[in-house]
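These notes are about the structure you will find just below.
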Amino acid sequence: MRTSNLILATLGVAFLGAGASYALDAAPRPQPLTPALSPALAPATKYGSARDALRSGMRTYNAGDKIGAVHALEYAAGQGHSLALWKLGRMYADGDGVEHDDLKAFEYFSKLADQHADESPDSPNAGAVSSAFVALGGYFLDGIQGTYVASNPARAVEMFSYAASYFSDSNAQYNLARLYLEGTGVRKDARHAARWFNLAAEKGHTASQALLGHLLLTGQGVPRQRAKGLMWLTLAREASTDAAKDQWIVDLYQDAFTSADDSDRKLALALLEQYIQARR
């Protein structure tokens with residue numbers, strides 16, 4: 001990674017305003033993450049170009065030969081191809097056709113983040129780069145046992161902040177909000193948490209909608225807005241698709257609906273209708 005920092009312009013924000021333009025915190029470009037990948041990962045097979053190797057790897061992957069896909073993807077990754085780096089990182093992180101290996105995943109994501117941090121947020125590859133920063137944030141948050149990757153919450157904040165600000169990544173915004181809410185790696189600040197939850201919630205991030213709704217409903221460190229909180233919780237409940245995974249969202253909604261009075265419910269419904277109409 002180049003040593004100069006990319007300083008993002010800080011824009012004005014209206015706190016929790018439904019139609020406002022939201023600010024992005026100034027986020028310095030993170031420092032280099034990890035040494036280059038081990039030579040043992042370099043593939044022996046040669047291809048005409050990184051793009052050819054990527055295409056071959058994805059064809060092989062989709063045909064069910066994931067080990068064969070790794071060889072082609074490793075060639076493309078060795079040429080710095082962002083999508084190949086991301087795919088290999090995800091395969092090792094998920095144990096998808098290869099043995100689960102968080103350190104290998106960390107190193108592929110790190111190389112991607114180091115080489116492509118300045119990728120335009122509008123480019124086709126921006127999602128992969130942003131996803132790598134989010135994955136790195138998770139690894140720095142917990143560390144990788146038995147490796148040189150130690151738990152470093154402050155570094156996790158840096159990863160999430162960059163993806164949340166520069167790429168406007170909703171998963172990064174959600175994770176950053178959680179850290180502010182818990183006071184992990186940063187000073188505990190419910191208002192900052194609500195602000196980042198709101199950015200992600202506006203993009204349809206279900207968990208962010210639920211936690212933002214809960215914060216507003218309870219007034220936990222933010223101005224209490226019961227009807228607006230119920231509106232966000234209603235949106236989150238309606239978007240829930242996994243009964244087991246999203247049960248906590250349903251529980252928050254049910255508690256909120258039960259505790260709300262008729263006026264709050266009516267106002268929440270009106271706000272919900274306005275929100276939906278504004279996005280048609």
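Lettering and numbering for the structure tokens are positional, with chains as A, B, ... in the shown order, residues counted from 1 in each chain, and ligands counted from 1 in the shown order.
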Which residues come within 10 Å of A:Phe106, counting only C-alpha atoms, excluding same-chain residues fewer than 2 positions away, as a compact mmCIF listing (two decimals) with all heavy atoms, in the first residue's frame?
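Contents of the output file out11.txt:
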# COMPACT_ATOMS: atom_id res chain seq x y z
N LEU A 33 -1.22 -3.84 5.69
CA LEU A 33 -1.81 -4.79 6.61
C LEU A 33 -0.93 -6.00 6.91
O LEU A 33 -0.82 -6.44 8.03
CB LEU A 33 -3.14 -5.29 6.01
CG LEU A 33 -4.21 -4.20 5.94
CD1 LEU A 33 -5.22 -4.52 4.86
CD2 LEU A 33 -4.90 -4.06 7.27
N THR A 34 -0.33 -6.58 5.90
CA THR A 34 0.35 -7.84 6.12
C THR A 34 1.41 -8.04 5.04
O THR A 34 1.31 -7.46 3.96
CB THR A 34 -0.66 -9.00 6.07
OG1 THR A 34 -0.01 -10.22 6.43
CG2 THR A 34 -1.25 -9.18 4.69
N GLY A 89 -10.22 -15.40 -0.71
CA GLY A 89 -10.43 -15.04 0.70
C GLY A 89 -11.72 -15.62 1.23
O GLY A 89 -11.77 -16.19 2.33
N ARG A 90 -12.78 -15.51 0.45
CA ARG A 90 -14.08 -16.03 0.89
C ARG A 90 -14.07 -17.56 0.97
O ARG A 90 -14.65 -18.15 1.89
CB ARG A 90 -15.19 -15.58 -0.05
CG ARG A 90 -15.59 -14.14 0.13
CD ARG A 90 -16.83 -14.00 1.03
NE ARG A 90 -16.78 -14.72 2.28
CZ ARG A 90 -16.38 -14.21 3.44
NH1 ARG A 90 -15.96 -12.96 3.50
NH2 ARG A 90 -16.41 -14.92 4.55
N TYR A 92 -11.53 -19.58 1.62
CA TYR A 92 -10.82 -20.03 2.81
C TYR A 92 -11.54 -19.62 4.09
O TYR A 92 -11.52 -20.35 5.09
CB TYR A 92 -9.38 -19.50 2.80
CG TYR A 92 -8.47 -20.30 1.90
CD1 TYR A 92 -8.05 -19.79 0.67
CD2 TYR A 92 -8.07 -21.59 2.26
CE1 TYR A 92 -7.23 -20.54 -0.17
CE2 TYR A 92 -7.24 -22.34 1.42
CZ TYR A 92 -6.83 -21.81 0.21
OH TYR A 92 -6.04 -22.57 -0.62
N ALA A 93 -12.19 -18.47 4.09
CA ALA A 93 -12.93 -18.03 5.27
C ALA A 93 -14.12 -18.94 5.55
O ALA A 93 -14.46 -19.21 6.71
CB ALA A 93 -13.40 -16.59 5.08
N ASP A 101 -9.42 -21.91 6.60
CA ASP A 101 -8.13 -21.36 7.02
C ASP A 101 -8.26 -19.85 7.12
O ASP A 101 -8.15 -19.13 6.12
CB ASP A 101 -7.03 -21.75 6.03
CG ASP A 101 -5.63 -21.43 6.54
OD1 ASP A 101 -5.47 -20.42 7.23
OD2 ASP A 101 -4.69 -22.19 6.21
N ASP A 102 -8.49 -19.35 8.33
CA ASP A 102 -8.70 -17.91 8.51
C ASP A 102 -7.45 -17.10 8.20
O ASP A 102 -7.56 -15.95 7.74
CB ASP A 102 -9.17 -17.62 9.94
CG ASP A 102 -10.64 -17.94 10.15
OD1 ASP A 102 -11.43 -17.72 9.22
OD2 ASP A 102 -10.99 -18.42 11.25
N LEU A 103 -6.27 -17.67 8.46
CA LEU A 103 -5.06 -16.91 8.18
C LEU A 103 -4.89 -16.70 6.68
O LEU A 103 -4.54 -15.60 6.23
CB LEU A 103 -3.83 -17.61 8.76
CG LEU A 103 -2.51 -16.84 8.58
CD1 LEU A 103 -2.58 -15.47 9.24
CD2 LEU A 103 -1.34 -17.65 9.14
N LYS A 104 -5.14 -17.76 5.88
CA LYS A 104 -5.05 -17.58 4.42
C LYS A 104 -6.09 -16.57 3.95
O LYS A 104 -5.81 -15.72 3.10
CB LYS A 104 -5.27 -18.92 3.72
CG LYS A 104 -4.04 -19.82 3.69
CD LYS A 104 -4.28 -21.03 2.80
CE LYS A 104 -3.03 -21.90 2.73
NZ LYS A 104 -3.25 -23.08 1.85
N TYR A 108 -5.29 -13.05 1.92
CA TYR A 108 -5.87 -12.66 0.63
C TYR A 108 -6.64 -11.35 0.75
O TYR A 108 -6.52 -10.46 -0.09
CB TYR A 108 -6.78 -13.78 0.11
CG TYR A 108 -6.02 -14.89 -0.58
CD1 TYR A 108 -6.06 -16.19 -0.08
CD2 TYR A 108 -5.27 -14.64 -1.73
CE1 TYR A 108 -5.35 -17.22 -0.71
CE2 TYR A 108 -4.56 -15.66 -2.36
CZ TYR A 108 -4.61 -16.94 -1.84
OH TYR A 108 -3.91 -17.94 -2.47
N PHE A 109 -7.44 -11.22 1.79
CA PHE A 109 -8.18 -9.97 1.99
C PHE A 109 -7.24 -8.79 2.21
O PHE A 109 -7.49 -7.68 1.74
CB PHE A 109 -9.13 -10.10 3.18
CG PHE A 109 -10.32 -10.98 2.94
CD1 PHE A 109 -10.75 -11.88 3.91
CD2 PHE A 109 -11.04 -10.93 1.75
CE1 PHE A 109 -11.85 -12.69 3.71
CE2 PHE A 109 -12.14 -11.73 1.52
CZ PHE A 109 -12.55 -12.62 2.51
N SER A 110 -6.14 -9.05 2.92
CA SER A 110 -5.16 -7.99 3.18
C SER A 110 -4.50 -7.52 1.89
O SER A 110 -4.32 -6.31 1.67
CB SER A 110 -4.09 -8.48 4.16
OG SER A 110 -4.64 -8.75 5.43
N LYS A 111 -4.13 -8.47 1.04
CA LYS A 111 -3.51 -8.08 -0.22
C LYS A 111 -4.48 -7.28 -1.07
O LYS A 111 -4.11 -6.28 -1.70
CB LYS A 111 -3.04 -9.33 -0.98
CG LYS A 111 -2.22 -9.01 -2.23
CD LYS A 111 -1.63 -10.27 -2.86
CE LYS A 111 -0.77 -9.90 -4.07
NZ LYS A 111 -0.21 -11.10 -4.74
N LEU A 112 -5.74 -7.70 -1.07
CA LEU A 112 -6.76 -6.97 -1.81
C LEU A 112 -6.91 -5.55 -1.27
O LEU A 112 -6.95 -4.58 -2.03
CB LEU A 112 -8.09 -7.72 -1.71
CG LEU A 112 -9.33 -7.06 -2.32
CD1 LEU A 112 -9.11 -6.70 -3.78
CD2 LEU A 112 -10.53 -8.01 -2.18
N ALA A 132 -13.68 -6.88 1.63
CA ALA A 132 -12.41 -7.31 2.21
C ALA A 132 -12.10 -6.51 3.47
O ALA A 132 -11.65 -7.06 4.48
CB ALA A 132 -11.28 -7.16 1.19
N ALA A 135 -14.25 -7.84 6.25
CA ALA A 135 -13.73 -9.11 6.75
C ALA A 135 -12.50 -8.89 7.63
O ALA A 135 -12.36 -9.51 8.70
CB ALA A 135 -13.39 -10.03 5.59
N LEU A 136 -11.62 -7.99 7.20
CA LEU A 136 -10.43 -7.69 8.00
C LEU A 136 -10.80 -7.09 9.34
O LEU A 136 -10.17 -7.39 10.36
CB LEU A 136 -9.52 -6.74 7.22
CG LEU A 136 -8.81 -7.35 6.01
CD1 LEU A 136 -8.19 -6.26 5.15
CD2 LEU A 136 -7.75 -8.36 6.45
N GLY A 138 -13.39 -7.79 11.08
CA GLY A 138 -13.78 -8.90 11.94
C GLY A 138 -12.59 -9.68 12.46
O GLY A 138 -12.55 -10.07 13.64
N TYR A 139 -11.59 -9.89 11.61
CA TYR A 139 -10.40 -10.61 12.05
C TYR A 139 -9.62 -9.81 13.09
O TYR A 139 -9.12 -10.37 14.07
CB TYR A 139 -9.51 -10.95 10.86
CG TYR A 139 -10.02 -12.12 10.04
CD1 TYR A 139 -10.20 -12.01 8.66
CD2 TYR A 139 -10.33 -13.33 10.64
CE1 TYR A 139 -10.66 -13.07 7.91
CE2 TYR A 139 -10.79 -14.40 9.90
CZ TYR A 139 -10.96 -14.27 8.53
OH TYR A 139 -11.43 -15.32 7.79
N PHE A 140 -9.49 -8.52 12.88
CA PHE A 140 -8.76 -7.71 13.86
C PHE A 140 -9.54 -7.61 15.18
O PHE A 140 -8.95 -7.48 16.25
CB PHE A 140 -8.48 -6.31 13.31
CG PHE A 140 -7.29 -6.24 12.41
CD1 PHE A 140 -7.42 -5.82 11.10
CD2 PHE A 140 -6.04 -6.58 12.87
CE1 PHE A 140 -6.32 -5.74 10.26
CE2 PHE A 140 -4.92 -6.51 12.05
CZ PHE A 140 -5.07 -6.09 10.73
N ILE A 144 -6.83 -14.05 15.27
CA ILE A 144 -6.86 -15.42 14.75
C ILE A 144 -5.95 -16.24 15.63
O ILE A 144 -4.72 -16.06 15.63
CB ILE A 144 -6.39 -15.48 13.28
CG1 ILE A 144 -7.26 -14.57 12.40
CG2 ILE A 144 -6.44 -16.92 12.77
CD1 ILE A 144 -6.79 -14.50 10.95
N VAL A 149 -1.89 -12.74 13.89
CA VAL A 149 -3.01 -11.79 13.87
C VAL A 149 -3.64 -11.75 15.26
O VAL A 149 -4.43 -12.62 15.62
CB VAL A 149 -4.06 -12.16 12.82
CG1 VAL A 149 -5.16 -11.09 12.77
CG2 VAL A 149 -3.42 -12.31 11.45
Which residues, written as a PyMOL selection string, have at least one atom at most 8 Å from A:Ala76, with only C-alpha atoms counted and residues fewer than 5 positions away on the same chain left out? chain A and resi 49-51+53-54+81+84-85
Top pick for closest residue to A:Arg279, considering A:Lys203, A:Leu179, A:Asp246, A:Ala72 and counting only C-alpha atoms: A:Lys203
May I have the residues within 7 Å of stretch 155-164 of chain A as a VMD selection string, using only C-alpha atoms and disregarding those fewer than 3 positions away in the same chain? chain A and resid 27 29 to 30 130 133 to 134 136 to 138 140 to 141 152 167 to 170 172 to 173 175 to 176 185
Output for the residues just chosen: N, CA, C and O atoms as a tab-separated table (two decimals), in the first residue's frame:
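selection-v6.tsv, written as the output of this step:
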chain	number	residue	atom	x	y	z
A	27	ALA	N	-11.78	9.48	6.90
A	27	ALA	CA	-11.21	8.17	7.17
A	27	ALA	C	-9.85	8.05	6.51
A	27	ALA	O	-9.76	7.94	5.30
A	29	ARG	N	-6.59	6.57	4.95
A	29	ARG	CA	-6.35	5.29	4.28
A	29	ARG	C	-5.51	4.41	5.21
A	29	ARG	O	-4.46	4.82	5.69
A	30	PRO	N	-5.98	3.19	5.51
A	30	PRO	CA	-5.25	2.34	6.45
A	30	PRO	C	-3.83	2.04	6.00
A	30	PRO	O	-3.53	1.98	4.82
A	130	SER	N	-14.47	-3.41	-0.66
A	130	SER	CA	-15.13	-3.02	0.58
A	130	SER	C	-15.39	-4.22	1.47
A	130	SER	O	-15.17	-4.18	2.69
A	133	PHE	N	-12.34	-5.20	3.42
A	133	PHE	CA	-12.10	-4.37	4.61
A	133	PHE	C	-13.01	-4.80	5.76
A	133	PHE	O	-12.58	-4.82	6.93
A	134	VAL	N	-14.26	-5.14	5.45
A	134	VAL	CA	-15.18	-5.59	6.49
A	134	VAL	C	-14.69	-6.91	7.10
A	134	VAL	O	-14.70	-7.09	8.32
A	136	LEU	N	-11.62	-7.99	7.20
A	136	LEU	CA	-10.43	-7.69	8.00
A	136	LEU	C	-10.80	-7.09	9.34
A	136	LEU	O	-10.17	-7.39	10.36
A	137	GLY	N	-11.82	-6.25	9.35
A	137	GLY	CA	-12.28	-5.69	10.61
A	137	GLY	C	-12.69	-6.77	11.58
A	137	GLY	O	-12.35	-6.71	12.78
A	138	GLY	N	-13.39	-7.79	11.08
A	138	GLY	CA	-13.78	-8.90	11.94
A	138	GLY	C	-12.59	-9.68	12.46
A	138	GLY	O	-12.55	-10.07	13.64
A	140	PHE	N	-9.49	-8.52	12.88
A	140	PHE	CA	-8.76	-7.71	13.86
A	140	PHE	C	-9.54	-7.61	15.18
A	140	PHE	O	-8.95	-7.48	16.25
A	141	LEU	N	-10.84	-7.66	15.09
A	141	LEU	CA	-11.65	-7.56	16.31
A	141	LEU	C	-11.40	-8.74	17.23
A	141	LEU	O	-11.21	-8.58	18.44
A	152	ASN	N	-7.10	-6.68	17.92
A	152	ASN	CA	-6.73	-5.27	17.90
A	152	ASN	C	-7.98	-4.46	17.55
A	152	ASN	O	-8.20	-4.09	16.40
A	167	PHE	N	-16.42	3.67	1.00
A	167	PHE	CA	-17.25	2.83	0.14
A	167	PHE	C	-18.73	2.88	0.52
A	167	PHE	O	-19.56	2.28	-0.16
A	168	SER	N	-19.05	3.52	1.61
A	168	SER	CA	-20.43	3.60	2.09
A	168	SER	C	-21.04	2.20	2.23
A	168	SER	O	-22.19	1.96	1.88
A	169	ASP	N	-20.25	1.28	2.76
A	169	ASP	CA	-20.65	-0.12	2.89
A	169	ASP	C	-21.57	-0.29	4.10
A	169	ASP	O	-21.20	0.03	5.23
A	170	SER	N	-22.76	-0.84	3.88
A	170	SER	CA	-23.75	-0.94	4.96
A	170	SER	C	-23.30	-1.93	6.04
A	170	SER	O	-23.57	-1.71	7.23
A	172	ALA	N	-20.19	-2.51	6.93
A	172	ALA	CA	-19.17	-1.80	7.69
A	172	ALA	C	-19.82	-0.77	8.61
A	172	ALA	O	-19.41	-0.61	9.77
A	173	GLN	N	-20.82	-0.06	8.11
A	173	GLN	CA	-21.52	0.93	8.93
A	173	GLN	C	-22.18	0.27	10.13
A	173	GLN	O	-22.14	0.79	11.25
A	175	ASN	N	-21.26	-2.63	11.58
A	175	ASN	CA	-20.22	-3.08	12.51
A	175	ASN	C	-19.61	-1.91	13.27
A	175	ASN	O	-19.33	-2.02	14.48
A	176	LEU	N	-19.40	-0.80	12.59
A	176	LEU	CA	-18.84	0.37	13.26
A	176	LEU	C	-19.81	0.90	14.31
A	176	LEU	O	-19.41	1.28	15.42
A	185	GLY	N	-12.91	-0.43	21.14
A	185	GLY	CA	-11.94	0.18	20.24
A	185	GLY	C	-12.12	1.67	20.06
A	185	GLY	O	-11.28	2.34	19.46
What is the atom CA of A:Gly146-atom CA of A:Thr184 distance in Å, reported with one decimal?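 It comes out at 22.5 Å.
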Per-residue DSSP, stretch 33-215 of chain A, filtered to alpha helix (DSSP H), as a PyMOL selection string: chain A and resi 50-62+66-78+82-94+102-116+126-142+153-166+170-182+190-202+206-215
Once you have the residues from the selection above, write them out as a CSV table (one decimal), in the first residue's frame, restricted to C-alpha atoms.
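Saved the output as selection22.csv:
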chain,number,residue,atom,x,y,z
A,50,ALA,CA,-5.1,-12.7,-15.0
A,51,ARG,CA,-8.6,-12.2,-16.6
A,52,ASP,CA,-8.3,-15.5,-18.4
A,53,ALA,CA,-7.3,-17.2,-15.2
A,54,LEU,CA,-10.2,-15.7,-13.3
A,55,ARG,CA,-12.7,-16.8,-16.0
A,56,SER,CA,-11.2,-20.3,-16.0
A,57,GLY,CA,-11.3,-20.4,-12.2
A,58,MET,CA,-14.9,-19.3,-12.0
A,59,ARG,CA,-16.0,-21.8,-14.7
A,60,THR,CA,-14.2,-24.6,-12.9
A,61,TYR,CA,-15.7,-23.5,-9.6
A,62,ASN,CA,-19.3,-23.4,-11.0
A,66,LYS,CA,-13.3,-26.1,-6.4
A,67,ILE,CA,-9.8,-27.4,-5.9
A,68,GLY,CA,-9.1,-26.9,-9.6
A,69,ALA,CA,-10.7,-23.5,-9.3
A,70,VAL,CA,-8.2,-22.5,-6.6
A,71,HIS,CA,-5.2,-23.1,-8.9
A,72,ALA,CA,-6.6,-20.8,-11.6
A,73,LEU,CA,-7.7,-18.2,-9.0
A,74,GLU,CA,-4.3,-18.2,-7.4
A,75,TYR,CA,-2.7,-17.3,-10.7
A,76,ALA,CA,-5.1,-14.4,-11.1
A,77,ALA,CA,-4.6,-13.4,-7.5
A,78,GLY,CA,-0.8,-13.5,-8.0
A,82,SER,CA,-9.2,-8.0,-7.1
A,83,LEU,CA,-12.0,-10.5,-7.7
A,84,ALA,CA,-9.7,-13.5,-7.6
A,85,LEU,CA,-8.2,-12.2,-4.3
A,86,TRP,CA,-11.7,-11.7,-2.9
A,87,LYS,CA,-13.0,-15.1,-4.0
A,88,LEU,CA,-10.0,-17.0,-2.6
A,89,GLY,CA,-10.4,-15.0,0.7
A,90,ARG,CA,-14.1,-16.0,0.9
A,91,MET,CA,-13.4,-19.7,0.0
A,92,TYR,CA,-10.8,-20.0,2.8
A,93,ALA,CA,-12.9,-18.0,5.3
A,94,ASP,CA,-16.0,-20.2,4.6
A,102,ASP,CA,-8.7,-17.9,8.5
A,103,LEU,CA,-5.1,-16.9,8.2
A,104,LYS,CA,-5.1,-17.6,4.4
A,105,ALA,CA,-8.3,-15.7,4.1
A,106,PHE,CA,-6.8,-12.8,6.1
A,107,GLU,CA,-3.8,-12.7,3.8
A,108,TYR,CA,-5.9,-12.7,0.6
A,109,PHE,CA,-8.2,-10.0,2.0
A,110,SER,CA,-5.2,-8.0,3.2
A,111,LYS,CA,-3.5,-8.1,-0.2
A,112,LEU,CA,-6.8,-7.0,-1.8
A,113,ALA,CA,-7.1,-4.1,0.7
A,114,ASP,CA,-3.5,-3.1,0.3
A,115,GLN,CA,-3.5,-3.0,-3.5
A,116,HIS,CA,-7.0,-1.7,-4.2
A,126,ALA,CA,-15.7,-1.7,-5.3
A,127,GLY,CA,-18.0,-4.2,-3.5
A,128,ALA,CA,-15.2,-6.8,-3.4
A,129,VAL,CA,-12.7,-4.4,-2.0
A,130,SER,CA,-15.1,-3.0,0.6
A,131,SER,CA,-16.1,-6.5,1.6
A,132,ALA,CA,-12.4,-7.3,2.2
A,133,PHE,CA,-12.1,-4.4,4.6
A,134,VAL,CA,-15.2,-5.6,6.5
A,135,ALA,CA,-13.7,-9.1,6.7
A,136,LEU,CA,-10.4,-7.7,8.0
A,137,GLY,CA,-12.3,-5.7,10.6
A,138,GLY,CA,-13.8,-8.9,11.9
A,139,TYR,CA,-10.4,-10.6,12.1
A,140,PHE,CA,-8.8,-7.7,13.9
A,141,LEU,CA,-11.7,-7.6,16.3
A,142,ASP,CA,-11.2,-11.2,17.5
A,153,PRO,CA,-10.1,-3.5,18.3
A,154,ALA,CA,-8.6,-0.1,17.3
A,155,ARG,CA,-7.4,-1.6,14.0
A,156,ALA,CA,-10.9,-3.1,13.5
A,157,VAL,CA,-12.4,0.3,13.9
A,158,GLU,CA,-10.0,1.6,11.3
A,159,MET,CA,-11.0,-1.1,8.8
A,160,PHE,CA,-14.7,-0.7,9.4
A,161,SER,CA,-14.4,3.1,9.3
A,162,TYR,CA,-12.7,3.1,5.9
A,163,ALA,CA,-15.2,0.8,4.3
A,164,ALA,CA,-18.1,2.7,6.0
A,165,SER,CA,-16.9,6.1,4.9
A,166,TYR,CA,-15.1,5.7,1.5
A,170,SER,CA,-23.7,-0.9,5.0
A,171,ASN,CA,-22.1,-4.0,6.7
A,172,ALA,CA,-19.2,-1.8,7.7
A,173,GLN,CA,-21.5,0.9,8.9
A,174,TYR,CA,-23.4,-1.6,11.0
A,175,ASN,CA,-20.2,-3.1,12.5
A,176,LEU,CA,-18.8,0.4,13.3
A,177,ALA,CA,-22.1,1.3,14.9
A,178,ARG,CA,-21.9,-1.8,17.1
A,179,LEU,CA,-18.4,-0.8,18.2
A,180,TYR,CA,-19.6,2.7,19.2
A,181,LEU,CA,-22.5,1.3,21.0
A,182,GLU,CA,-20.4,-1.1,23.0
A,190,ALA,CA,-24.7,6.1,21.4
A,191,ARG,CA,-25.2,9.1,19.1
A,192,HIS,CA,-22.4,8.0,16.8
A,193,ALA,CA,-23.8,4.5,16.9
A,194,ALA,CA,-27.3,5.7,15.9
A,195,ARG,CA,-25.8,7.8,13.1
A,196,TRP,CA,-24.0,4.8,11.6
A,197,PHE,CA,-27.0,2.5,12.1
A,198,ASN,CA,-29.1,5.1,10.4
A,199,LEU,CA,-26.8,5.2,7.3
A,200,ALA,CA,-27.0,1.4,7.0
A,201,ALA,CA,-30.7,1.3,7.8
A,202,GLU,CA,-31.5,3.7,4.9
A,206,THR,CA,-32.1,-5.2,8.5
A,207,ALA,CA,-30.1,-5.6,11.7
A,208,SER,CA,-29.3,-1.9,11.6
A,209,GLN,CA,-33.0,-1.0,11.2
A,210,ALA,CA,-33.8,-3.1,14.2
A,211,LEU,CA,-31.1,-1.7,16.5
A,212,LEU,CA,-31.7,1.8,15.4
A,213,GLY,CA,-35.4,1.3,16.1
A,214,HIS,CA,-34.6,-0.1,19.5
A,215,LEU,CA,-32.3,2.9,20.4
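The space separating atom CA of A:Asp264 from atom CA of A:Ala227 comes to 4.8 Å.
For the pair atom CA of A:Asp251 and atom CA of A:Asp189, the separation is 24.8 Å.
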Rank A:Leu217, A:Pro124, A:His205, A:Asp118 by their smallest atom-to-atom distance to A:Asp255, using only C-alpha atoms, and report the top residue only. A:Leu217
So which one's closest to A:Tyr275, A:Gly204, A:Gly80, A:Pro223, A:Gly64? Using only C-alpha atoms, please.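 Nearest candidate to A:Tyr275 out of A:Gly204, A:Gly80, A:Pro223, A:Gly64: A:Gly204.
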Compile the contact shell of A:Ala260 as a ChimeraX atom specification: residues with an atom at most 12 Å away, counting only C-alpha atoms, same-chain residues fewer than 5 positions apart removed. /A:217-218,225-231,253-255,265-268
